[in-house]
file query-v9.txt (compact mmCIF, N, CA and C atoms)
# COMPACT_ATOMS: atom_id res chain seq x y z
N MET A 1 0.79 -1.18 0.00
CA MET A 1 0.00 0.00 0.00
C MET A 1 0.85 1.27 0.00
N SER A 2 1.98 1.20 0.56
CA SER A 2 2.84 2.38 0.60
C SER A 2 3.30 2.79 -0.79
N THR A 3 3.48 1.84 -1.69
CA THR A 3 3.86 2.19 -3.06
C THR A 3 2.72 2.91 -3.78
N ILE A 4 1.51 2.50 -3.47
CA ILE A 4 0.36 3.16 -4.08
C ILE A 4 0.22 4.58 -3.54
N LEU A 5 0.47 4.77 -2.28
CA LEU A 5 0.41 6.11 -1.70
C LEU A 5 1.51 7.01 -2.26
N ARG A 6 2.67 6.44 -2.44
CA ARG A 6 3.78 7.23 -3.00
C ARG A 6 3.45 7.68 -4.42
N ARG A 7 2.91 6.79 -5.21
CA ARG A 7 2.56 7.15 -6.59
C ARG A 7 1.44 8.20 -6.60
N ALA A 8 0.48 8.06 -5.75
CA ALA A 8 -0.62 9.01 -5.69
C ALA A 8 -0.12 10.37 -5.23
N ALA A 9 0.77 10.38 -4.23
CA ALA A 9 1.33 11.64 -3.74
C ALA A 9 2.19 12.29 -4.81
N GLY A 10 2.95 11.49 -5.53
CA GLY A 10 3.77 12.02 -6.62
C GLY A 10 2.93 12.61 -7.73
N ALA A 11 1.81 11.96 -8.05
CA ALA A 11 0.92 12.45 -9.10
C ALA A 11 0.29 13.77 -8.70
N THR A 12 -0.12 13.88 -7.44
CA THR A 12 -0.73 15.13 -7.00
C THR A 12 0.29 16.27 -6.97
N ARG A 13 1.52 15.94 -6.63
CA ARG A 13 2.57 16.98 -6.64
C ARG A 13 2.82 17.49 -8.06
N SER A 14 2.90 16.61 -9.03
CA SER A 14 3.15 17.03 -10.40
C SER A 14 1.99 17.86 -10.96
N VAL A 15 0.76 17.50 -10.58
CA VAL A 15 -0.40 18.26 -11.02
C VAL A 15 -0.40 19.63 -10.37
N SER A 16 -0.10 19.70 -9.09
CA SER A 16 -0.11 20.98 -8.40
C SER A 16 1.03 21.88 -8.89
N CYS A 17 2.15 21.28 -9.26
CA CYS A 17 3.28 22.08 -9.77
C CYS A 17 2.94 22.68 -11.12
N THR A 18 2.30 21.92 -11.96
CA THR A 18 1.96 22.46 -13.27
C THR A 18 0.91 23.55 -13.15
N ARG A 19 0.02 23.44 -12.21
CA ARG A 19 -0.97 24.50 -12.02
C ARG A 19 -0.31 25.75 -11.44
N ALA A 20 0.68 25.59 -10.62
CA ALA A 20 1.34 26.75 -10.02
C ALA A 20 2.15 27.51 -11.06
N LEU A 21 2.66 26.83 -12.07
CA LEU A 21 3.47 27.48 -13.09
C LEU A 21 2.66 28.01 -14.26
N SER A 22 1.44 27.62 -14.38
CA SER A 22 0.65 28.09 -15.51
C SER A 22 0.30 29.55 -15.30
N SER A 23 0.14 30.24 -16.43
CA SER A 23 -0.20 31.66 -16.34
C SER A 23 -1.54 31.87 -17.01
N SER A 24 -2.24 32.82 -16.51
CA SER A 24 -3.55 33.12 -17.08
C SER A 24 -3.52 34.52 -17.67
N ALA A 25 -4.56 34.91 -18.34
CA ALA A 25 -4.63 36.22 -18.97
C ALA A 25 -4.64 37.33 -17.93
N VAL A 26 -5.21 37.08 -16.78
CA VAL A 26 -5.27 38.08 -15.72
C VAL A 26 -3.88 38.31 -15.14
N ALA A 27 -3.09 37.25 -15.01
CA ALA A 27 -1.77 37.38 -14.41
C ALA A 27 -0.81 38.10 -15.34
N ARG A 28 -1.04 38.06 -16.64
CA ARG A 28 -0.15 38.69 -17.61
C ARG A 28 -0.51 40.14 -17.88
N LYS A 29 -1.43 40.71 -17.23
CA LYS A 29 -1.85 42.08 -17.47
C LYS A 29 -0.72 43.04 -17.10
N ASP A 30 -0.43 43.97 -18.01
CA ASP A 30 0.66 44.92 -17.80
C ASP A 30 0.05 46.26 -17.36
N PHE A 31 0.25 46.59 -16.10
CA PHE A 31 -0.35 47.81 -15.55
C PHE A 31 0.30 49.06 -16.12
N VAL A 32 1.60 49.02 -16.37
CA VAL A 32 2.29 50.20 -16.90
C VAL A 32 1.80 50.49 -18.31
N GLN A 33 1.63 49.44 -19.11
CA GLN A 33 1.15 49.64 -20.47
C GLN A 33 -0.28 50.16 -20.46
N ASP A 34 -1.11 49.65 -19.58
CA ASP A 34 -2.48 50.14 -19.50
C ASP A 34 -2.52 51.61 -19.09
N LEU A 35 -1.69 51.97 -18.12
CA LEU A 35 -1.63 53.37 -17.69
C LEU A 35 -1.15 54.26 -18.83
N TYR A 36 -0.14 53.81 -19.55
CA TYR A 36 0.41 54.58 -20.67
C TYR A 36 -0.64 54.77 -21.76
N LEU A 37 -1.32 53.71 -22.15
CA LEU A 37 -2.34 53.80 -23.19
C LEU A 37 -3.51 54.69 -22.77
N ARG A 38 -3.89 54.62 -21.50
CA ARG A 38 -4.98 55.46 -21.01
C ARG A 38 -4.59 56.94 -21.08
N GLU A 39 -3.33 57.25 -20.71
CA GLU A 39 -2.88 58.64 -20.76
C GLU A 39 -2.75 59.13 -22.20
N ILE A 40 -2.32 58.27 -23.10
CA ILE A 40 -2.22 58.66 -24.51
C ILE A 40 -3.60 58.96 -25.08
N LYS A 41 -4.56 58.13 -24.76
CA LYS A 41 -5.92 58.34 -25.27
C LYS A 41 -6.57 59.58 -24.67
N ALA A 42 -6.21 59.93 -23.45
CA ALA A 42 -6.81 61.09 -22.79
C ALA A 42 -6.14 62.40 -23.18
N TYR A 43 -4.99 62.35 -23.83
CA TYR A 43 -4.24 63.56 -24.18
C TYR A 43 -4.95 64.32 -25.29
N LYS A 44 -5.16 65.59 -25.07
CA LYS A 44 -5.76 66.48 -26.06
C LYS A 44 -4.81 67.66 -26.24
N PRO A 45 -4.16 67.78 -27.41
CA PRO A 45 -3.22 68.89 -27.60
C PRO A 45 -3.96 70.22 -27.68
N ALA A 46 -3.26 71.26 -27.26
CA ALA A 46 -3.86 72.60 -27.30
C ALA A 46 -3.98 73.04 -28.75
N PRO A 47 -5.09 73.62 -29.15
CA PRO A 47 -5.23 74.05 -30.55
C PRO A 47 -4.28 75.20 -30.85
N ALA A 48 -3.65 75.14 -32.01
CA ALA A 48 -2.71 76.19 -32.41
C ALA A 48 -3.47 77.39 -32.94
N ALA A 49 -2.98 78.57 -32.61
CA ALA A 49 -3.62 79.80 -33.08
C ALA A 49 -3.35 79.97 -34.57
N LYS A 50 -4.22 80.69 -35.25
CA LYS A 50 -4.07 80.87 -36.69
C LYS A 50 -2.86 81.72 -37.04
N ASP A 51 -2.48 82.63 -36.15
CA ASP A 51 -1.33 83.48 -36.43
C ASP A 51 -0.10 83.06 -35.63
N ALA A 52 0.04 81.79 -35.33
CA ALA A 52 1.19 81.30 -34.56
C ALA A 52 2.48 81.35 -35.37
N HIS A 53 2.38 81.35 -36.68
CA HIS A 53 3.58 81.35 -37.52
C HIS A 53 4.18 82.74 -37.69
N VAL A 54 3.48 83.78 -37.29
CA VAL A 54 3.96 85.15 -37.46
C VAL A 54 5.21 85.34 -36.60
N GLY A 55 6.26 85.83 -37.22
CA GLY A 55 7.52 86.05 -36.52
C GLY A 55 8.45 84.86 -36.60
N VAL A 56 7.93 83.70 -36.92
CA VAL A 56 8.76 82.51 -37.03
C VAL A 56 9.12 82.24 -38.49
N VAL A 57 8.19 82.44 -39.37
CA VAL A 57 8.38 82.18 -40.78
C VAL A 57 8.49 83.50 -41.53
N LYS A 58 9.51 83.60 -42.37
CA LYS A 58 9.67 84.81 -43.18
C LYS A 58 8.77 84.74 -44.41
N SER A 59 8.34 85.88 -44.86
CA SER A 59 7.52 85.89 -46.07
C SER A 59 8.43 85.73 -47.28
N TYR A 60 7.94 85.01 -48.29
CA TYR A 60 8.73 84.70 -49.47
C TYR A 60 8.57 85.81 -50.50
N THR A 61 9.70 86.29 -50.99
CA THR A 61 9.69 87.25 -52.08
C THR A 61 10.52 86.68 -53.23
N MET A 62 10.04 86.86 -54.42
CA MET A 62 10.75 86.34 -55.59
C MET A 62 12.04 87.12 -55.80
N PRO A 63 13.13 86.44 -56.16
CA PRO A 63 14.37 87.16 -56.42
C PRO A 63 14.24 87.96 -57.72
N PRO A 64 15.05 89.01 -57.85
CA PRO A 64 14.94 89.81 -59.07
C PRO A 64 15.42 88.99 -60.28
N THR A 65 14.84 89.24 -61.42
CA THR A 65 15.23 88.52 -62.63
C THR A 65 16.60 89.00 -63.08
N PRO A 66 17.48 88.07 -63.44
CA PRO A 66 18.82 88.49 -63.85
C PRO A 66 18.78 89.15 -65.23
N LYS A 67 19.74 90.03 -65.45
CA LYS A 67 19.83 90.73 -66.74
C LYS A 67 20.68 89.89 -67.68
N ALA A 68 20.34 89.92 -68.93
CA ALA A 68 21.12 89.21 -69.94
C ALA A 68 22.43 89.96 -70.15
N PRO A 69 23.55 89.23 -70.34
CA PRO A 69 24.82 89.91 -70.56
C PRO A 69 24.79 90.68 -71.88
N ALA A 70 25.35 91.86 -71.84
CA ALA A 70 25.36 92.72 -73.02
C ALA A 70 26.67 92.53 -73.78
N LEU A 71 26.56 92.46 -75.08
CA LEU A 71 27.76 92.36 -75.91
C LEU A 71 28.44 93.71 -75.99
N PRO A 72 29.77 93.72 -76.09
CA PRO A 72 30.46 95.01 -76.22
C PRO A 72 30.06 95.69 -77.53
N THR A 73 30.07 96.98 -77.50
CA THR A 73 29.64 97.73 -78.68
C THR A 73 30.69 97.69 -79.78
N ASP A 74 31.96 97.73 -79.42
CA ASP A 74 33.02 97.70 -80.43
C ASP A 74 33.78 96.38 -80.33
N LEU A 75 33.13 95.32 -80.74
CA LEU A 75 33.68 93.98 -80.65
C LEU A 75 34.89 93.82 -81.57
N ALA A 76 34.86 94.43 -82.71
CA ALA A 76 35.96 94.30 -83.68
C ALA A 76 37.25 94.87 -83.11
N SER A 77 37.18 96.01 -82.42
CA SER A 77 38.40 96.62 -81.88
C SER A 77 38.96 95.78 -80.72
N GLU A 78 38.09 95.19 -79.91
CA GLU A 78 38.58 94.34 -78.83
C GLU A 78 39.22 93.07 -79.35
N LEU A 79 38.67 92.49 -80.43
CA LEU A 79 39.27 91.31 -81.02
C LEU A 79 40.63 91.62 -81.65
N SER A 80 40.76 92.77 -82.29
CA SER A 80 42.04 93.13 -82.89
C SER A 80 43.08 93.41 -81.80
N ALA A 81 42.67 93.98 -80.67
CA ALA A 81 43.61 94.22 -79.56
C ALA A 81 44.05 92.89 -78.95
N TYR A 82 43.17 91.92 -78.90
CA TYR A 82 43.51 90.60 -78.38
C TYR A 82 44.49 89.88 -79.31
N ASP A 83 44.24 89.98 -80.62
CA ASP A 83 45.15 89.35 -81.59
C ASP A 83 46.53 89.99 -81.57
N ALA A 84 46.61 91.26 -81.30
CA ALA A 84 47.89 91.96 -81.32
C ALA A 84 48.71 91.69 -80.06
N SER A 85 48.10 91.29 -78.98
CA SER A 85 48.85 91.08 -77.74
C SER A 85 49.66 89.79 -77.82
N GLU A 86 50.81 89.79 -77.17
CA GLU A 86 51.69 88.62 -77.14
C GLU A 86 51.21 87.65 -76.07
N PRO A 87 51.14 86.38 -76.38
CA PRO A 87 50.73 85.41 -75.36
C PRO A 87 51.83 85.17 -74.34
N VAL A 88 51.46 84.97 -73.12
CA VAL A 88 52.40 84.71 -72.04
C VAL A 88 52.39 83.21 -71.78
N GLN A 89 53.56 82.60 -71.89
CA GLN A 89 53.63 81.16 -71.67
C GLN A 89 53.96 80.87 -70.22
N ALA A 90 53.48 79.75 -69.74
CA ALA A 90 53.73 79.36 -68.36
C ALA A 90 55.19 79.00 -68.17
N ALA A 91 55.87 78.53 -69.20
CA ALA A 91 57.29 78.16 -69.09
C ALA A 91 58.15 79.39 -68.86
N ASP A 92 57.77 80.54 -69.45
CA ASP A 92 58.54 81.77 -69.24
C ASP A 92 58.43 82.24 -67.80
N ALA A 93 57.28 82.09 -67.20
CA ALA A 93 57.09 82.52 -65.83
C ALA A 93 57.84 81.61 -64.86
N ALA A 94 57.93 80.33 -65.18
CA ALA A 94 58.62 79.38 -64.30
C ALA A 94 60.12 79.42 -64.48
N ALA A 95 60.61 80.01 -65.57
CA ALA A 95 62.06 80.03 -65.85
C ALA A 95 62.79 81.07 -65.01
N ALA A 96 62.11 81.91 -64.30
CA ALA A 96 62.77 82.90 -63.47
C ALA A 96 63.53 82.18 -62.36
N PRO A 97 64.88 82.35 -62.28
CA PRO A 97 65.66 81.61 -61.29
C PRO A 97 65.41 82.12 -59.88
N SER A 98 65.39 81.18 -58.95
CA SER A 98 65.24 81.56 -57.55
C SER A 98 66.61 81.57 -56.89
N ALA A 99 66.69 82.08 -55.68
CA ALA A 99 67.97 82.24 -55.00
C ALA A 99 68.59 80.90 -54.62
N GLY A 100 67.80 79.92 -54.23
CA GLY A 100 68.33 78.64 -53.78
C GLY A 100 68.50 77.64 -54.90
N GLN A 101 68.34 78.07 -56.19
CA GLN A 101 68.40 77.14 -57.30
C GLN A 101 69.84 76.90 -57.69
N HIS A 102 70.14 75.68 -58.13
CA HIS A 102 71.50 75.32 -58.55
C HIS A 102 71.75 75.85 -59.96
N ALA A 103 72.84 75.44 -60.57
CA ALA A 103 73.20 75.91 -61.89
C ALA A 103 72.10 75.58 -62.89
N THR A 104 71.79 76.55 -63.77
CA THR A 104 70.72 76.36 -64.73
C THR A 104 71.30 76.16 -66.12
N VAL A 105 70.56 75.44 -66.95
CA VAL A 105 70.97 75.19 -68.32
C VAL A 105 70.05 76.01 -69.21
N SER A 106 70.63 76.80 -70.12
CA SER A 106 69.79 77.61 -71.00
C SER A 106 70.17 77.35 -72.45
N ASP A 107 69.39 76.58 -73.14
CA ASP A 107 69.51 76.32 -74.57
C ASP A 107 70.93 76.01 -75.03
N GLY A 108 71.70 75.29 -74.24
CA GLY A 108 73.06 74.96 -74.64
C GLY A 108 73.16 73.55 -75.18
N GLY A 109 72.11 72.83 -75.13
CA GLY A 109 72.12 71.49 -75.65
C GLY A 109 72.65 70.51 -74.63
N ALA A 110 73.10 69.37 -75.13
CA ALA A 110 73.56 68.29 -74.26
C ALA A 110 74.85 68.65 -73.55
N GLU A 111 75.77 69.33 -74.26
CA GLU A 111 77.06 69.69 -73.65
C GLU A 111 76.86 70.62 -72.45
N ALA A 112 75.98 71.61 -72.57
CA ALA A 112 75.72 72.54 -71.48
C ALA A 112 75.06 71.81 -70.31
N PHE A 113 74.21 70.84 -70.63
CA PHE A 113 73.56 70.08 -69.57
C PHE A 113 74.57 69.25 -68.79
N LEU A 114 75.49 68.62 -69.50
CA LEU A 114 76.51 67.81 -68.81
C LEU A 114 77.44 68.68 -67.98
N GLU A 115 77.77 69.86 -68.46
CA GLU A 115 78.62 70.77 -67.68
C GLU A 115 77.89 71.23 -66.41
N ALA A 116 76.61 71.47 -66.51
CA ALA A 116 75.83 71.90 -65.35
C ALA A 116 75.75 70.77 -64.33
N CYS A 117 75.69 69.51 -64.81
CA CYS A 117 75.62 68.38 -63.88
C CYS A 117 76.95 68.18 -63.15
N GLU A 118 78.06 68.46 -63.85
CA GLU A 118 79.37 68.25 -63.24
C GLU A 118 79.82 69.42 -62.38
N ALA A 119 79.12 70.54 -62.43
CA ALA A 119 79.52 71.73 -61.67
C ALA A 119 79.42 71.44 -60.18
N THR A 120 80.32 72.04 -59.42
CA THR A 120 80.29 71.85 -57.98
C THR A 120 79.12 72.64 -57.40
N VAL A 121 78.53 72.04 -56.39
CA VAL A 121 77.35 72.63 -55.77
C VAL A 121 77.76 73.17 -54.41
N HIS A 122 77.51 74.48 -54.20
CA HIS A 122 77.77 75.11 -52.92
C HIS A 122 76.45 75.36 -52.23
N GLU A 123 76.19 74.61 -51.17
CA GLU A 123 74.94 74.79 -50.43
C GLU A 123 75.23 75.62 -49.18
N GLU A 124 74.38 76.58 -48.94
CA GLU A 124 74.52 77.40 -47.76
C GLU A 124 73.76 76.76 -46.63
N HIS A 125 74.42 76.63 -45.46
CA HIS A 125 73.76 76.07 -44.30
C HIS A 125 73.35 77.18 -43.36
N HIS A 126 72.18 77.09 -42.89
CA HIS A 126 71.67 78.15 -42.00
C HIS A 126 71.97 77.81 -40.57

call {"tool": "encode", "arguments": {"input": "query-v9.txt", "output": "C-alpha cells"}}
result
Amino acid sequence: MSTILRRAAGATRSVSCTRALSSSAVARKDFVQDLYLREIKAYKPAPAAKDAHVGVVKSYTMPPTPKAPALPTDLASELSAYDASEPVQAADAAAAPSAGQHATVSDGGAEAFLEACEATVHEEHH
C-alpha cells in the first residue's frame, strides 16, 4: 500500500506544480502599459492659433530677374587688340631663377647640360 500512496502523492505533486506554473490572462496584465495607453488616449493637444507662424516664418519674395549679358559695342576693336597682344607662356614665368636654385641650363644642348651636372654645388647652411 505504501507504493500506491507514493505514486498518488507524486501524481498530485506534479499536477499541483503544473498548475502553479501556468499563467492566465489576468496574471499577464501589464499595468504600466495600460496606464500609458490610457494617458495617450486622454491627451488632447492645445489648438494652435491661426497666427502662430507670425515672426517665425519669413515671407517669401521672388528674387529679381537676372539681366542678360550685353555684348560690347566695339567687338571688332577688342578682337584686334587681343590678336595683337603677345601670349604669355607658363614656361617663361617658371624660368625665373630663384635664390636657392642650382646651376641652370639655358639652350646649350647636351654639352651645357653635362657641364651643369658636373659643376660643384655650394649649399649654404643656416

call {"tool": "atom_distance", "arguments": {"input": "query-v9.txt", "atom1": "atom N of Leu79 (chain A)", "atom2": "CA of Lys67 (chain A)"}}
result
23.4 Å

call {"tool": "atom_distance", "arguments": {"input": "query-v9.txt", "atom1": "atom C of Pro72 (chain A)", "atom2": "atom C of Val88 (chain A)"}}
result
26.2 Å

call {"tool": "axis_aligned_box", "arguments": {"input": "query-v9.txt", "around": "region 77-84 of chain A", "padding_each_side": "3 Å", "output": "lines of an AutoDock Vina configuration file"}}
result
center_x = 42.9
center_y = 93.0
center_z = -80.6
size_x = 17.5
size_y = 13.3
size_z = 10.5

call {"tool": "atom_distance", "arguments": {"input": "query-v9.txt", "atom1": "CA of Pro69 (chain A)", "atom2": "CA of Ser85 (chain A)"}}
result
25.1 Å

call {"tool": "decode", "arguments": {"input": "query-v9.txt", "residues": "region 77-88 of chain A", "atoms": "all heavy atoms", "output": "mmCIF file, in the first residue's frame"}}
result
data_model
loop_
_atom_site.group_PDB
_atom_site.id
_atom_site.type_symbol
_atom_site.label_atom_id
_atom_site.label_comp_id
_atom_site.auth_asym_id
_atom_site.auth_seq_id
_atom_site.Cartn_x
_atom_site.Cartn_y
_atom_site.Cartn_z
ATOM 1 N N SER A 77 37.182 96.006 -82.419
ATOM 2 C CA SER A 77 38.397 96.617 -81.875
ATOM 3 C C SER A 77 38.958 95.784 -80.719
ATOM 4 O O SER A 77 40.172 95.664 -80.569
ATOM 5 C CB SER A 77 38.120 98.047 -81.426
ATOM 6 O OG SER A 77 37.187 98.042 -80.359
ATOM 7 N N GLU A 78 38.094 95.185 -79.914
ATOM 8 C CA GLU A 78 38.578 94.339 -78.828
ATOM 9 C C GLU A 78 39.224 93.068 -79.353
ATOM 10 O O GLU A 78 40.233 92.609 -78.809
ATOM 11 C CB GLU A 78 37.424 94.001 -77.885
ATOM 12 C CG GLU A 78 36.991 95.161 -77.030
ATOM 13 C CD GLU A 78 35.974 94.759 -75.979
ATOM 14 O OE1 GLU A 78 35.878 93.561 -75.669
ATOM 15 O OE2 GLU A 78 35.300 95.652 -75.465
ATOM 16 N N LEU A 79 38.671 92.494 -80.427
ATOM 17 C CA LEU A 79 39.272 91.305 -81.022
ATOM 18 C C LEU A 79 40.626 91.623 -81.651
ATOM 19 O O LEU A 79 41.570 90.832 -81.546
ATOM 20 C CB LEU A 79 38.340 90.695 -82.070
ATOM 21 C CG LEU A 79 37.144 89.933 -81.522
ATOM 22 C CD1 LEU A 79 36.237 89.494 -82.650
ATOM 23 C CD2 LEU A 79 37.605 88.729 -80.739
ATOM 24 N N SER A 80 40.759 92.767 -82.290
ATOM 25 C CA SER A 80 42.044 93.131 -82.891
ATOM 26 C C SER A 80 43.076 93.413 -81.803
ATOM 27 O O SER A 80 44.260 93.091 -81.963
ATOM 28 C CB SER A 80 41.885 94.337 -83.824
ATOM 29 O OG SER A 80 41.469 95.464 -83.071
ATOM 30 N N ALA A 81 42.672 93.981 -80.669
ATOM 31 C CA ALA A 81 43.608 94.215 -79.562
ATOM 32 C C ALA A 81 44.047 92.888 -78.952
ATOM 33 O O ALA A 81 45.203 92.719 -78.567
ATOM 34 C CB ALA A 81 42.953 95.092 -78.510
ATOM 35 N N TYR A 82 43.166 91.918 -78.903
ATOM 36 C CA TYR A 82 43.514 90.597 -78.380
ATOM 37 C C TYR A 82 44.486 89.880 -79.315
ATOM 38 O O TYR A 82 45.429 89.230 -78.875
ATOM 39 C CB TYR A 82 42.239 89.761 -78.195
ATOM 40 C CG TYR A 82 42.504 88.352 -77.744
ATOM 41 C CD1 TYR A 82 42.872 88.081 -76.436
ATOM 42 C CD2 TYR A 82 42.396 87.285 -78.636
ATOM 43 C CE1 TYR A 82 43.118 86.798 -76.010
ATOM 44 C CE2 TYR A 82 42.647 85.988 -78.218
ATOM 45 C CZ TYR A 82 43.005 85.744 -76.909
ATOM 46 O OH TYR A 82 43.253 84.477 -76.501
ATOM 47 N N ASP A 83 44.245 89.983 -80.622
ATOM 48 C CA ASP A 83 45.146 89.350 -81.587
ATOM 49 C C ASP A 83 46.529 89.988 -81.570
ATOM 50 O O ASP A 83 47.540 89.306 -81.786
ATOM 51 C CB ASP A 83 44.561 89.431 -83.000
ATOM 52 C CG ASP A 83 43.362 88.506 -83.176
ATOM 53 O OD1 ASP A 83 43.263 87.535 -82.392
ATOM 54 O OD2 ASP A 83 42.546 88.755 -84.092
ATOM 55 N N ALA A 84 46.609 91.258 -81.300
ATOM 56 C CA ALA A 84 47.887 91.961 -81.321
ATOM 57 C C ALA A 84 48.714 91.694 -80.060
ATOM 58 O O ALA A 84 49.938 91.831 -80.075
ATOM 59 C CB ALA A 84 47.658 93.463 -81.464
ATOM 60 N N SER A 85 48.097 91.294 -78.982
ATOM 61 C CA SER A 85 48.846 91.078 -77.741
ATOM 62 C C SER A 85 49.657 89.792 -77.825
ATOM 63 O O SER A 85 49.296 88.828 -78.497
ATOM 64 C CB SER A 85 47.887 91.022 -76.558
ATOM 65 O OG SER A 85 47.058 89.880 -76.687
ATOM 66 N N GLU A 86 50.805 89.791 -77.168
ATOM 67 C CA GLU A 86 51.691 88.625 -77.143
ATOM 68 C C GLU A 86 51.211 87.653 -76.070
ATOM 69 O O GLU A 86 50.957 88.062 -74.935
ATOM 70 C CB GLU A 86 53.127 89.053 -76.826
ATOM 71 C CG GLU A 86 53.801 89.795 -77.952
ATOM 72 C CD GLU A 86 54.061 88.901 -79.155
ATOM 73 O OE1 GLU A 86 54.390 87.709 -78.956
ATOM 74 O OE2 GLU A 86 53.896 89.383 -80.282
ATOM 75 N N PRO A 87 51.136 86.378 -76.380
ATOM 76 C CA PRO A 87 50.728 85.408 -75.359
ATOM 77 C C PRO A 87 51.832 85.172 -74.344
ATOM 78 O O PRO A 87 53.018 85.201 -74.668
ATOM 79 C CB PRO A 87 50.434 84.147 -76.161
ATOM 80 C CG PRO A 87 51.203 84.298 -77.430
ATOM 81 C CD PRO A 87 51.299 85.770 -77.695
ATOM 82 N N VAL A 88 51.461 84.970 -73.121
ATOM 83 C CA VAL A 88 52.405 84.712 -72.042
ATOM 84 C C VAL A 88 52.387 83.213 -71.780
ATOM 85 O O VAL A 88 51.345 82.633 -71.494
ATOM 86 C CB VAL A 88 52.014 85.492 -70.765
ATOM 87 C CG1 VAL A 88 52.974 85.180 -69.631
ATOM 88 C CG2 VAL A 88 51.989 86.969 -71.058
#
